[in-house]
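Next comes protein_2.cif, with mmCIF, C-alpha atoms.
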```
data_final
loop_
_atom_site.label_atom_id
_atom_site.label_comp_id
_atom_site.auth_asym_id
_atom_site.auth_seq_id
_atom_site.Cartn_x
_atom_site.Cartn_y
_atom_site.Cartn_z
CA MET Q 1 28.80 62.50 43.36
CA ALA Q 2 30.02 64.39 40.26
CA ASP Q 3 30.47 67.52 42.40
CA LYS Q 4 32.64 65.61 44.87
CA LYS Q 5 34.85 64.33 42.04
CA LYS Q 6 35.23 67.89 40.69
CA ARG Q 7 36.18 69.18 44.14
CA ARG Q 8 38.73 66.39 44.60
CA ARG Q 9 40.22 67.09 41.15
CA ALA Q 10 40.38 70.85 41.91
CA ALA Q 11 42.07 70.16 45.25
CA THR Q 12 44.60 67.88 43.55
CA ASP Q 13 45.36 70.53 40.91
CA SER Q 14 45.77 73.16 43.62
CA ASP Q 15 48.16 70.90 45.56
CA SER Q 16 50.27 70.27 42.48
CA GLU Q 17 50.51 74.00 41.81
CA SER Q 18 51.78 74.61 45.34
CA ASP Q 19 54.06 71.56 45.28
CA PRO Q 20 57.64 72.87 45.18
CA LEU Q 21 58.82 69.66 43.52
CA GLN Q 22 56.79 70.61 40.44
CA PHE Q 23 59.81 72.66 39.38
CA LYS Q 24 61.70 69.46 38.58
CA SER Q 25 59.22 68.76 35.77
CA LYS Q 26 60.09 72.13 34.23
CA LEU Q 27 63.70 71.13 33.69
CA LYS Q 28 64.80 70.64 30.11
CA PRO Q 29 67.54 68.17 29.08
CA ASP Q 30 71.02 69.07 30.31
CA SER Q 31 72.13 69.52 26.69
CA THR Q 32 69.72 72.47 26.36
CA ILE Q 33 71.01 74.09 29.57
CA LEU Q 34 74.60 73.58 28.40
CA GLN Q 35 73.82 75.49 25.20
CA THR Q 36 72.62 78.40 27.36
CA LEU Q 37 75.84 78.28 29.37
CA LYS Q 38 77.99 78.17 26.23
CA ALA Q 39 76.25 81.31 24.98
CA LEU Q 40 76.89 82.97 28.35
CA LYS Q 41 80.58 82.02 28.20
CA SER Q 42 80.88 83.35 24.65
CA SER Q 43 79.32 86.66 25.71
CA ALA Q 44 81.71 86.94 28.68
CA ALA Q 45 84.71 86.22 26.45
CA THR Q 46 83.63 88.93 24.01
CA SER Q 47 83.22 91.55 26.75
CA SER Q 48 86.58 90.54 28.30
CA ALA Q 49 88.30 91.12 24.95
CA ALA Q 50 87.47 94.84 25.10
CA LYS Q 51 90.14 97.06 26.61
CA PRO Q 52 89.25 97.64 30.28
CA VAL Q 53 88.78 101.22 31.46
CA THR Q 54 91.32 102.30 34.07
CA LEU Q 55 91.34 105.15 36.56
CA SER Q 56 93.91 107.03 34.48
CA ASP Q 57 91.55 106.93 31.47
CA LEU Q 58 88.92 108.93 33.34
CA ASN Q 59 88.97 112.66 33.86
CA LEU Q 60 87.51 112.61 37.35
CA PRO Q 61 86.89 115.92 39.16
CA THR Q 62 88.44 114.42 42.31
CA ALA Q 63 92.03 113.20 42.49
CA CYS Q 64 92.23 109.51 43.41
CA ARG Q 65 95.05 107.14 44.21
CA GLU Q 66 95.71 103.49 43.42
CA VAL Q 67 98.49 101.12 44.36
CA SER Q 68 100.27 98.67 42.09
CA ASP Q 69 102.21 95.43 42.34
CA LEU Q 70 105.85 96.24 42.99
CA PRO Q 71 108.90 93.95 43.01
CA LEU Q 72 110.66 93.48 46.36
CA THR Q 73 113.57 95.69 45.29
CA SER Q 74 111.16 98.59 44.64
CA VAL Q 75 109.39 98.05 47.99
CA GLN Q 76 112.77 98.02 49.74
CA SER Q 77 113.84 101.23 47.96
CA SER Q 78 110.55 102.93 48.86
CA ILE Q 79 110.95 102.05 52.54
CA GLU Q 80 114.52 103.36 52.54
CA SER Q 81 113.37 106.61 50.87
CA VAL Q 82 110.68 107.10 53.52
CA VAL Q 83 113.13 106.47 56.36
CA LEU Q 84 115.73 108.76 54.78
CA SER Q 85 113.21 111.62 54.56
CA LEU Q 86 112.30 111.02 58.23
CA ALA Q 87 115.97 111.18 59.20
CA HIS Q 88 116.38 114.50 57.34
CA SER Q 89 113.32 115.87 59.13
CA ILE Q 90 114.69 114.85 62.56
CA LEU Q 91 118.17 116.28 61.84
CA SER Q 92 116.65 119.58 60.75
CA GLY Q 93 114.88 119.82 64.12
CA ASN Q 94 111.35 119.17 62.84
CA GLY Q 95 110.86 115.75 64.43
CA PHE Q 96 109.21 113.19 62.22
CA SER Q 97 105.72 112.61 60.93
CA PHE Q 98 104.18 110.17 58.44
CA SER Q 99 101.84 111.40 55.72
CA VAL Q 100 99.22 108.64 55.65
CA PRO Q 101 96.50 108.40 52.98
CA SER Q 102 93.11 108.52 54.71
CA ARG Q 103 91.03 105.33 54.41
CA ALA Q 104 88.02 106.89 56.14
CA GLY Q 105 84.56 106.53 54.60
CA ALA Q 106 84.52 110.19 53.56
CA ASN Q 107 87.62 109.61 51.44
CA GLN Q 108 86.02 106.83 49.36
CA LEU Q 109 84.47 107.29 45.93
CA TYR Q 110 82.36 104.90 43.85
CA VAL Q 111 83.21 105.28 40.16
CA PRO Q 112 80.35 103.97 37.96
CA GLU Q 113 82.57 103.70 34.86
CA LEU Q 114 84.83 101.29 36.77
CA ASP Q 115 82.00 99.81 38.88
CA ARG Q 116 84.21 99.81 41.96
CA ILE Q 117 85.17 101.89 44.97
CA VAL Q 118 88.42 103.89 44.83
CA LEU Q 119 90.37 105.92 47.37
CA LYS Q 120 90.49 109.70 47.06
CA ASP Q 121 93.74 111.57 47.50
CA LYS Q 122 93.30 113.05 50.98
CA SER Q 123 96.09 112.36 53.50
CA SER Q 124 96.56 113.03 57.20
CA ALA Q 125 99.66 113.61 59.31
CA ARG Q 126 100.77 111.03 61.88
CA PRO Q 127 103.39 112.87 64.00
CA PHE Q 128 105.52 111.08 66.58
CA ALA Q 129 105.55 114.14 68.89
CA ASN Q 130 101.84 114.00 69.57
CA VAL Q 131 100.15 112.10 72.40
CA SER Q 132 97.20 111.04 70.24
CA SER Q 133 99.31 109.60 67.42
CA VAL Q 134 102.64 108.60 69.02
CA ARG Q 135 101.65 104.94 69.36
CA LYS Q 136 100.42 104.66 65.76
CA ALA Q 137 103.58 106.40 64.54
CA THR Q 138 105.68 103.90 66.50
CA ILE Q 139 103.75 100.90 65.11
CA THR Q 140 104.09 102.31 61.58
CA THR Q 141 107.86 102.59 62.02
CA ARG Q 142 108.06 99.03 63.38
CA ILE Q 143 105.99 97.60 60.52
CA LEU Q 144 108.21 99.36 57.99
CA GLN Q 145 111.26 97.82 59.69
CA LEU Q 146 109.75 94.32 59.58
CA ILE Q 147 108.73 94.64 55.92
CA HIS Q 148 112.26 95.77 55.09
CA GLN Q 149 113.59 92.58 56.72
CA LEU Q 150 111.21 90.49 54.58
CA CYS Q 151 112.50 92.23 51.46
CA LEU Q 152 116.11 91.49 52.39
CA LYS Q 153 115.40 87.82 53.15
CA ASN Q 154 112.86 87.38 50.31
CA ILE Q 155 110.43 85.40 52.48
CA HIS Q 156 106.70 85.49 53.21
CA VAL Q 157 105.03 85.62 56.61
CA THR Q 158 101.42 85.62 57.77
CA LYS Q 159 99.75 88.59 59.43
CA ARG Q 160 99.73 86.50 62.61
CA ASP Q 161 103.52 86.04 62.40
CA LEU Q 162 103.91 89.79 62.04
CA PHE Q 163 101.78 90.42 65.13
CA TYR Q 164 103.84 88.06 67.28
CA THR Q 165 107.10 89.86 66.50
CA ASP Q 166 106.10 92.62 68.93
CA VAL Q 167 102.99 91.70 70.93
CA LYS Q 168 103.61 94.32 73.62
CA LEU Q 169 103.64 97.13 71.08
CA PHE Q 170 100.82 95.89 68.83
CA GLN Q 171 98.60 94.65 71.73
CA ASP Q 172 95.99 93.31 69.32
CA GLN Q 173 96.35 91.90 65.80
CA SER Q 174 93.70 94.27 64.47
CA HIS Q 175 96.09 97.14 65.26
CA SER Q 176 99.01 95.69 63.29
CA ASP Q 177 96.66 94.65 60.45
CA ALA Q 178 95.30 98.19 60.11
CA ILE Q 179 98.79 99.74 60.05
CA LEU Q 180 99.84 97.17 57.45
CA ASP Q 181 97.16 98.58 55.12
CA ASP Q 182 98.39 102.10 55.91
CA VAL Q 183 101.94 101.06 54.98
CA SER Q 184 100.67 99.72 51.63
CA CYS Q 185 99.13 103.14 50.95
CA ILE Q 186 102.25 105.01 52.04
CA LEU Q 187 104.50 102.92 49.78
CA GLY Q 188 101.99 102.82 46.90
CA CYS Q 189 102.08 99.03 46.59
CA THR Q 190 99.61 96.19 47.02
CA ARG Q 191 99.58 94.30 50.30
CA SER Q 192 100.78 91.21 48.43
CA SER Q 193 103.92 93.15 47.45
CA LEU Q 194 104.81 93.39 51.15
CA ASN Q 195 105.18 89.57 51.36
CA VAL Q 196 102.64 89.46 54.20
CA VAL Q 197 99.74 87.07 53.62
CA ALA Q 198 96.67 85.91 55.52
CA ALA Q 199 96.21 82.29 56.56
CA GLU Q 200 94.62 79.97 53.98
CA LYS Q 201 90.82 80.23 54.03
CA GLY Q 202 89.22 79.91 50.60
CA VAL Q 203 88.92 76.65 48.63
CA VAL Q 204 88.33 75.75 44.99
CA VAL Q 205 87.09 72.60 43.26
CA GLY Q 206 86.01 71.71 39.73
CA ARG Q 207 87.24 72.07 36.19
CA LEU Q 208 90.50 73.90 36.83
CA ILE Q 209 94.16 72.97 36.50
CA PHE Q 210 96.82 75.40 37.69
CA SER Q 211 100.39 75.40 38.93
CA ASP Q 212 101.06 76.17 42.59
CA ASN Q 213 104.71 77.04 43.05
CA GLY Q 214 105.59 74.71 40.16
CA ASP Q 215 103.31 71.81 41.19
CA MET Q 216 100.40 71.12 38.83
CA ILE Q 217 97.06 70.91 40.65
CA ASP Q 218 93.96 69.26 39.13
CA CYS Q 219 90.95 70.55 41.06
CA THR Q 220 88.72 67.69 39.86
CA LYS Q 221 90.86 65.29 41.88
CA MET Q 222 90.93 67.11 45.21
CA GLY Q 223 88.00 65.32 46.86
CA ILE Q 224 85.06 67.04 48.51
CA GLY Q 225 87.28 69.43 50.47
CA GLY Q 226 88.83 70.91 47.33
CA LYS Q 227 92.16 72.71 47.03
CA ALA Q 228 93.02 75.47 49.47
CA ILE Q 229 93.56 78.74 47.63
CA PRO Q 230 97.24 79.72 47.97
CA PRO Q 231 97.67 82.81 50.17
CA ASN Q 232 100.38 84.07 47.84
CA ILE Q 233 98.89 84.70 44.39
CA ASP Q 234 102.39 84.93 42.91
CA ARG Q 235 102.65 81.15 43.31
CA VAL Q 236 99.69 80.60 40.97
CA GLY Q 237 100.11 80.26 37.22
CA ASP Q 238 99.34 78.24 34.06
CA MET Q 239 95.56 78.24 34.57
CA GLN Q 240 93.70 75.84 32.25
CA SER Q 241 90.00 75.05 32.20
CA ASP Q 242 87.17 73.66 30.07
CA ALA Q 243 84.57 75.19 32.43
CA LEU Q 244 81.66 77.24 31.12
CA PHE Q 245 81.38 79.44 34.21
CA ILE Q 246 82.66 80.10 37.73
CA LEU Q 247 80.24 79.52 40.60
CA LEU Q 248 81.05 81.74 43.58
CA VAL Q 249 79.48 80.34 46.77
CA GLU Q 250 79.14 82.24 50.04
CA LYS Q 251 79.13 79.35 52.50
CA ASP Q 252 81.04 76.16 53.14
CA ALA Q 253 77.88 74.03 53.58
CA ALA Q 254 76.56 74.83 50.09
CA TYR Q 255 80.05 74.37 48.66
CA MET Q 256 80.29 70.87 50.18
CA ARG Q 257 76.91 69.90 48.71
CA LEU Q 258 78.00 71.04 45.25
CA ALA Q 259 81.38 69.32 45.55
CA GLU Q 260 79.99 66.01 46.82
CA ASP Q 261 77.34 65.92 44.07
CA ARG Q 262 80.07 66.63 41.49
CA PHE Q 263 77.94 69.49 40.14
CA TYR Q 264 80.95 70.62 38.11
CA ASN Q 265 80.80 67.43 36.01
CA ARG Q 266 77.13 67.80 35.10
CA PHE Q 267 77.55 71.51 34.29
CA PRO Q 268 81.27 72.20 33.68
CA CYS Q 269 82.24 74.89 36.16
CA ILE Q 270 84.74 75.97 38.80
CA ILE Q 271 83.32 76.26 42.33
CA VAL Q 272 85.00 78.63 44.77
CA THR Q 273 84.20 79.84 48.30
CA ALA Q 274 85.84 81.97 50.98
CA LYS Q 275 83.60 80.36 53.64
CA GLY Q 276 81.93 83.64 54.56
CA GLN Q 277 83.61 87.04 54.46
CA PRO Q 278 85.88 87.34 51.39
CA ASP Q 279 89.59 87.20 52.19
CA VAL Q 280 92.26 88.84 50.05
CA ALA Q 281 93.64 85.57 48.63
CA THR Q 282 90.21 84.40 47.41
CA ARG Q 283 89.44 87.80 45.89
CA LEU Q 284 92.79 87.81 44.05
CA PHE Q 285 92.31 84.21 42.90
CA LEU Q 286 88.77 84.87 41.63
CA ARG Q 287 89.91 87.90 39.66
CA LYS Q 288 92.83 85.96 38.18
CA MET Q 289 90.49 83.17 37.02
CA LYS Q 290 88.02 85.65 35.55
CA MET Q 291 90.64 87.66 33.67
CA GLU Q 292 92.79 84.76 32.42
CA LEU Q 293 90.06 82.24 31.60
CA LYS Q 294 87.51 84.87 30.48
CA LEU Q 295 84.66 83.07 32.20
CA PRO Q 296 81.38 84.50 33.55
CA VAL Q 297 81.00 84.51 37.35
CA LEU Q 298 77.67 83.56 38.96
CA ALA Q 299 77.18 84.09 42.70
CA LEU Q 300 75.19 81.96 45.16
CA VAL Q 301 74.69 83.76 48.49
CA ASP Q 302 72.17 83.84 51.33
CA SER Q 303 69.01 85.89 50.86
CA ASP Q 304 69.93 88.51 53.45
CA PRO Q 305 71.68 91.92 53.44
CA TYR Q 306 75.01 90.34 54.39
CA GLY Q 307 74.90 87.98 51.41
CA LEU Q 308 74.59 90.99 49.12
CA LYS Q 309 77.36 92.82 51.00
CA ILE Q 310 79.66 89.85 50.45
CA LEU Q 311 78.76 89.83 46.76
CA SER Q 312 79.49 93.57 46.53
CA VAL Q 313 82.92 93.14 48.15
CA TYR Q 314 83.90 90.67 45.41
CA GLY Q 315 82.47 92.89 42.68
CA CYS Q 316 82.98 96.51 43.78
CA GLY Q 317 85.55 96.19 46.55
CA SER Q 318 85.59 96.91 50.27
CA LYS Q 319 85.95 100.38 51.70
CA ASN Q 320 88.73 99.18 53.97
CA MET Q 321 90.90 98.19 50.99
CA SER Q 322 89.61 100.59 48.35
CA TYR Q 323 93.21 101.64 47.67
CA ASP Q 324 93.75 98.22 46.01
CA SER Q 325 90.34 97.77 44.37
CA ALA Q 326 91.88 97.55 40.89
CA ASN Q 327 93.53 94.24 41.84
CA LEU Q 328 90.92 92.85 44.24
CA THR Q 329 87.63 93.32 42.38
CA THR Q 330 86.09 90.97 39.82
CA PRO Q 331 83.95 92.80 37.24
CA ASP Q 332 80.45 91.77 36.15
CA ILE Q 333 79.54 89.17 38.81
CA LYS Q 334 75.96 88.02 38.28
CA TRP Q 335 73.64 87.41 41.25
CA LEU Q 336 72.22 83.95 40.64
CA GLY Q 337 70.57 83.33 44.03
CA VAL Q 338 69.24 82.96 46.61
CA ARG Q 339 67.28 86.15 45.97
CA PRO Q 340 64.36 87.52 48.02
CA SER Q 341 61.98 86.93 45.10
CA ASP Q 342 62.98 83.23 45.13
CA LEU Q 343 61.37 82.70 48.54
CA ASP Q 344 57.88 82.91 47.06
CA LYS Q 345 58.80 81.76 43.57
CA TYR Q 346 60.23 78.47 44.87
CA LYS Q 347 57.72 78.29 47.72
CA ILE Q 348 60.25 78.23 50.55
CA PRO Q 349 58.28 77.10 53.67
CA GLU Q 350 57.51 79.76 56.26
CA GLN Q 351 59.36 77.81 58.96
CA CYS Q 352 62.54 78.04 56.86
CA ARG Q 353 62.30 81.82 56.54
CA LEU Q 354 63.86 83.86 59.31
CA PRO Q 355 62.57 87.23 60.57
CA MET Q 356 65.02 90.06 59.90
CA THR Q 357 66.39 91.79 62.98
CA GLU Q 358 66.42 95.57 63.35
CA GLN Q 359 70.12 95.49 62.45
CA ASP Q 360 69.37 93.43 59.33
CA ILE Q 361 66.75 95.95 58.21
CA LYS Q 362 69.13 98.86 58.88
CA THR Q 363 71.87 97.14 56.87
CA GLY Q 364 69.43 96.56 54.02
CA LYS Q 365 68.33 100.21 54.01
CA ASP Q 366 71.97 101.37 54.16
CA LEU Q 367 72.76 99.20 51.13
CA LEU Q 368 69.91 100.85 49.23
CA GLU Q 369 71.73 104.17 49.69
CA GLU Q 370 74.97 102.86 48.18
CA ASP Q 371 75.76 104.03 44.64
CA PHE Q 372 76.87 100.58 43.50
CA VAL Q 373 73.42 99.21 44.45
CA LYS Q 374 71.48 102.11 42.91
CA LYS Q 375 73.24 101.44 39.61
CA ASN Q 376 71.58 98.01 39.34
CA SER Q 377 67.78 98.29 39.24
CA GLY Q 378 67.42 94.54 39.79
CA TRP Q 379 69.39 94.73 43.03
CA VAL Q 380 67.26 97.68 44.21
CA GLU Q 381 64.06 95.77 43.48
CA GLU Q 382 65.24 92.67 45.36
CA LEU Q 383 66.51 94.66 48.34
CA ASN Q 384 63.27 96.62 48.58
CA LEU Q 385 61.36 93.34 48.59
CA MET Q 386 63.61 91.98 51.36
CA VAL Q 387 63.24 95.07 53.56
CA LYS Q 388 59.48 95.23 52.96
CA SER Q 389 58.85 91.53 53.72
CA LYS Q 390 61.32 91.58 56.66
CA GLN Q 391 62.22 87.98 55.81
CA LYS Q 392 65.55 86.37 55.06
CA ALA Q 393 66.66 82.84 54.24
CA GLU Q 394 69.87 80.85 53.99
CA ILE Q 395 70.88 78.74 51.02
CA GLN Q 396 70.25 75.69 53.22
CA ALA Q 397 66.51 76.52 53.31
CA LEU Q 398 66.33 74.70 49.96
CA SER Q 399 67.23 71.47 51.80
CA SER Q 400 63.66 71.41 53.16
CA PHE Q 401 62.71 69.92 49.75
CA GLY Q 402 65.54 67.38 49.85
CA PHE Q 403 69.26 67.50 50.53
CA GLN Q 404 70.09 67.54 46.80
CA TYR Q 405 67.36 69.97 45.72
CA LEU Q 406 70.02 72.70 45.36
CA THR Q 407 72.06 70.74 42.80
CA GLU Q 408 69.29 68.74 41.11
CA VAL Q 409 66.52 71.33 40.73
CA TYR Q 410 67.19 74.88 41.95
CA LEU Q 411 70.52 75.64 40.23
CA PRO Q 412 69.77 73.78 36.96
CA LEU Q 413 66.44 75.62 36.64
CA LYS Q 414 68.09 78.97 37.43
CA LEU Q 415 70.69 78.33 34.71
CA GLN Q 416 68.06 77.13 32.24
CA GLN Q 417 65.95 80.26 32.73
CA LYS Q 418 68.99 82.62 32.69
CA ASP Q 419 67.64 83.84 36.02
CA TRP Q 420 70.51 86.04 37.18
CA LEU Q 421 71.01 89.77 37.75
#
```
Would you encode the structure as structure tokens?
Amino acid sequence: MADKKKRRRAATDSDSESDPLQFKSKLKPDSTILQTLKALKSSAATSSAAKPVTLSDLNLPTACREVSDLPLTSVQSSIESVVLSLAHSILSGNGFSFSVPSRAGANQLYVPELDRIVLKDKSSARPFANVSSVRKATITTRILQLIHQLCLKNIHVTKRDLFYTDVKLFQDQSHSDAILDDVSCILGCTRSSLNVVAAEKGVVVGRLIFSDNGDMIDCTKMGIGGKAIPPNIDRVGDMQSDALFILLVEKDAAYMRLAEDRFYNRFPCIIVTAKGQPDVATRLFLRKMKMELKLPVLALVDSDPYGLKILSVYGCGSKNMSYDSANLTTPDIKWLGVRPSDLDKYKIPEQCRLPMTEQDIKTGKDLLEEDFVKKNSGWVEELNLMVKSKQKAEIQALSSFGFQYLTEVYLPLKLQQKDWL
């Protein structure tokens, strides 16, 4: 009889150890977690006070190029200078050709001191009198003409608007979008300086007040949907916040859970998402918040290679827009979750874990070869674990323990334990 009681007690103890809800009992009072967050904010403010290193401060063996924000008058003058040089070339009997900075992978360089990708100085010719490049040269000329019109009228248009001005020539929006980036490189200005914006995609909610084109916006009073991030960052100003950190969320579903549970009231924060792949407006907005408010940024992404790629685009930049990485990257983003090690640590059920495809595994291995990943030993360890286990999981896997497990247990415990990389 005594043996049976011992076995029952042992079985009960074993069940409690494997019970994922046991983590709730590990939570300390919110006041203790808030002290941890205040220390994190203070540390971020101290590091932000130091003078940032710029590309010009470094004596790199390879010449690199960066673009800068230019006023419309300067963009207009640059376009006119380019066209004037083309006219001289035609009149002298040499035809015309654009010198376009190469945005190919071989012309990219990761700079550890800056912790971001930059564009090297290699350029290629785009002659009009060549069958292989005549169409691109024509599209480049047309885009320059359209941007010049925007400068004269001082108006903004979307990339979609730009495409529809000459559908027969552009054929597909991806073609006009790519040339638009080339034009930014040619003129040496950011894409925002061209007055061409993408459609609104990202949203923000939480402890943030800012002005949008003169209108004051309180992001605690924007409902569950939050405030759409303005596509034109020039409209944004007067940022004020009592938040302790910024929570960057990969997906809309997790964002809605956090917004509906008013997570930002329990732990003062600003919650932002681009609903998947980072768009330019969200990247600019995140950087502006980080630099002006001097807040730490914690990231919540899926436990898969694409979640880490998204995180790296915010932090180190994308290769496609490496020419503007100085304006688009947010330094020192910390990976809060969901990390591969969390799957076992938080006892995510097997049925909620997804097998990685061959493409997933390849992407993971490719990431392990990237310099910006190698620099962070914690990232390498987590990626190796992911590739070895061949398992991935979405943030929503935490809902298997309850719809509010993310906001009531997982994130508070992560913050309490300072469990970020």
Could you check which of Q:Gly225, Q:Pro412, Q:Gly202, Q:Pro61 is closest to Gly276 in chain Q, using all atoms listed in the file? Q:Gly202
Going by the chain IDs and residue numbers used in this file, which residues fall under the PyMOL selection byres ((chain Q and resi 95) around 12)? Write them as a list in words. Ser85, Leu86, Ala87, His88, Ser89, Ile90, Leu91, Ser92, Gly93, Asn94, Phe96, Ser97, Phe98, Arg126, Pro127, Phe128, Ala129, Asn130, Val134 and Ala137 of chain Q
Using all atoms listed in the file, what does the table of range 299-342 of chain Q residues within 7 Å of range 389-399 of chain Q look like, with each row giving the shortest atom pair and its distance in Å to one decimal, sorted by chain and ascending number, as a tab-separated table?
```
residue	atom	partner	partner_atom	distance
Q:Val301	CA	Q:Ile395	CA	6.8
Q:Asp302	CA	Q:Glu394	CA	4.6
Q:Ser303	CA	Q:Ala393	CA	5.1
Q:Asp304	CA	Q:Lys392	CA	5.1
Q:Val338	CA	Q:Ile395	CA	6.3
```
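Nearest to Ser47 in chain Q of all the residues Q:Met291, Q:Val197, Q:Leu336, Q:Met321 is Q:Met291, counting only C-alpha atoms.
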Decode the PyMOL selection byres ((chain Q and resi 265) around 12) for the given file into explicit residues and return them as a list in words.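 After applying the PyMOL selection byres ((chain Q and resi 265) around 12), what remains is Asp30, Leu34, Val205, Gly206, Arg207, Leu208, Cys219, Thr220, Lys221, Asp242, Ala243, Leu244, Leu258, Ala259, Glu260, Asp261, Arg262, Phe263, Tyr264, Arg266, Phe267, Pro268, Cys269, Ile270, Ile271 and Thr407 of chain Q.
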Please produce an output containing C-alpha atoms for each residue in the selection, written as a short mmCIF file (atom, residue, chain, number, x, y, z; two decimals), keeping the file's coordinate frame.
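Written file, result12.cif:
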```
data_model
loop_
_atom_site.label_atom_id
_atom_site.label_comp_id
_atom_site.auth_asym_id
_atom_site.auth_seq_id
_atom_site.Cartn_x
_atom_site.Cartn_y
_atom_site.Cartn_z
CA ASP Q 30 71.02 69.07 30.31
CA LEU Q 34 74.60 73.58 28.40
CA VAL Q 205 87.09 72.60 43.26
CA GLY Q 206 86.01 71.71 39.73
CA ARG Q 207 87.24 72.07 36.19
CA LEU Q 208 90.50 73.90 36.83
CA CYS Q 219 90.95 70.55 41.06
CA THR Q 220 88.72 67.69 39.86
CA LYS Q 221 90.86 65.29 41.88
CA ASP Q 242 87.17 73.66 30.07
CA ALA Q 243 84.57 75.19 32.43
CA LEU Q 244 81.66 77.24 31.12
CA LEU Q 258 78.00 71.04 45.25
CA ALA Q 259 81.38 69.32 45.55
CA GLU Q 260 79.99 66.01 46.82
CA ASP Q 261 77.34 65.92 44.07
CA ARG Q 262 80.07 66.63 41.49
CA PHE Q 263 77.94 69.49 40.14
CA TYR Q 264 80.95 70.62 38.11
CA ARG Q 266 77.13 67.80 35.10
CA PHE Q 267 77.55 71.51 34.29
CA PRO Q 268 81.27 72.20 33.68
CA CYS Q 269 82.24 74.89 36.16
CA ILE Q 270 84.74 75.97 38.80
CA ILE Q 271 83.32 76.26 42.33
CA THR Q 407 72.06 70.74 42.80
#
```
The PyMOL selection byres ((chain Q and resi 195) around 9) on the file shown: which residues, as number ranges by chain? Q: 72, 147, 150-151, 154-158, 191-194, 196-197, 232
Please, which residues are within 9 Å of (102.4, 90.9, 64.4) by the file's coordinates, counting all atoms listed in the file, and could they come as an MDAnalysis selection string? chainID Q and resid 143 158:167 170 172:173 175:177
Excluding Ser74 in chain Q and residues on its chain fewer than 3 positions from it, collect all residues at most 10 Å away from it, counting all atoms listed in the file, and give them as a list in words. Asp69, Leu70, Pro71, Ser77, Ser78, Ile79, Glu80, Cys151, Leu187, Cys189 and Ser193 of chain Q
Looking at only C-alpha atoms, which of Q:Gly337, Q:Gly317, Q:Pro305, Q:Pro231 is the one that sits closest to Val387 in chain Q?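 Smallest separation from Val387 in chain Q among the options: Q:Pro305.
Minimum distance to Asn320 in chain Q across Q:Lys122, Q:Lys375, Q:Arg103, Q:Lys51 (counting all atoms listed in the file) occurs at Q:Arg103.
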To one decimal in Å, tell me the separation between CA of Gln76 in chain Q and CA of Thr138 in chain Q. 19.1 Å
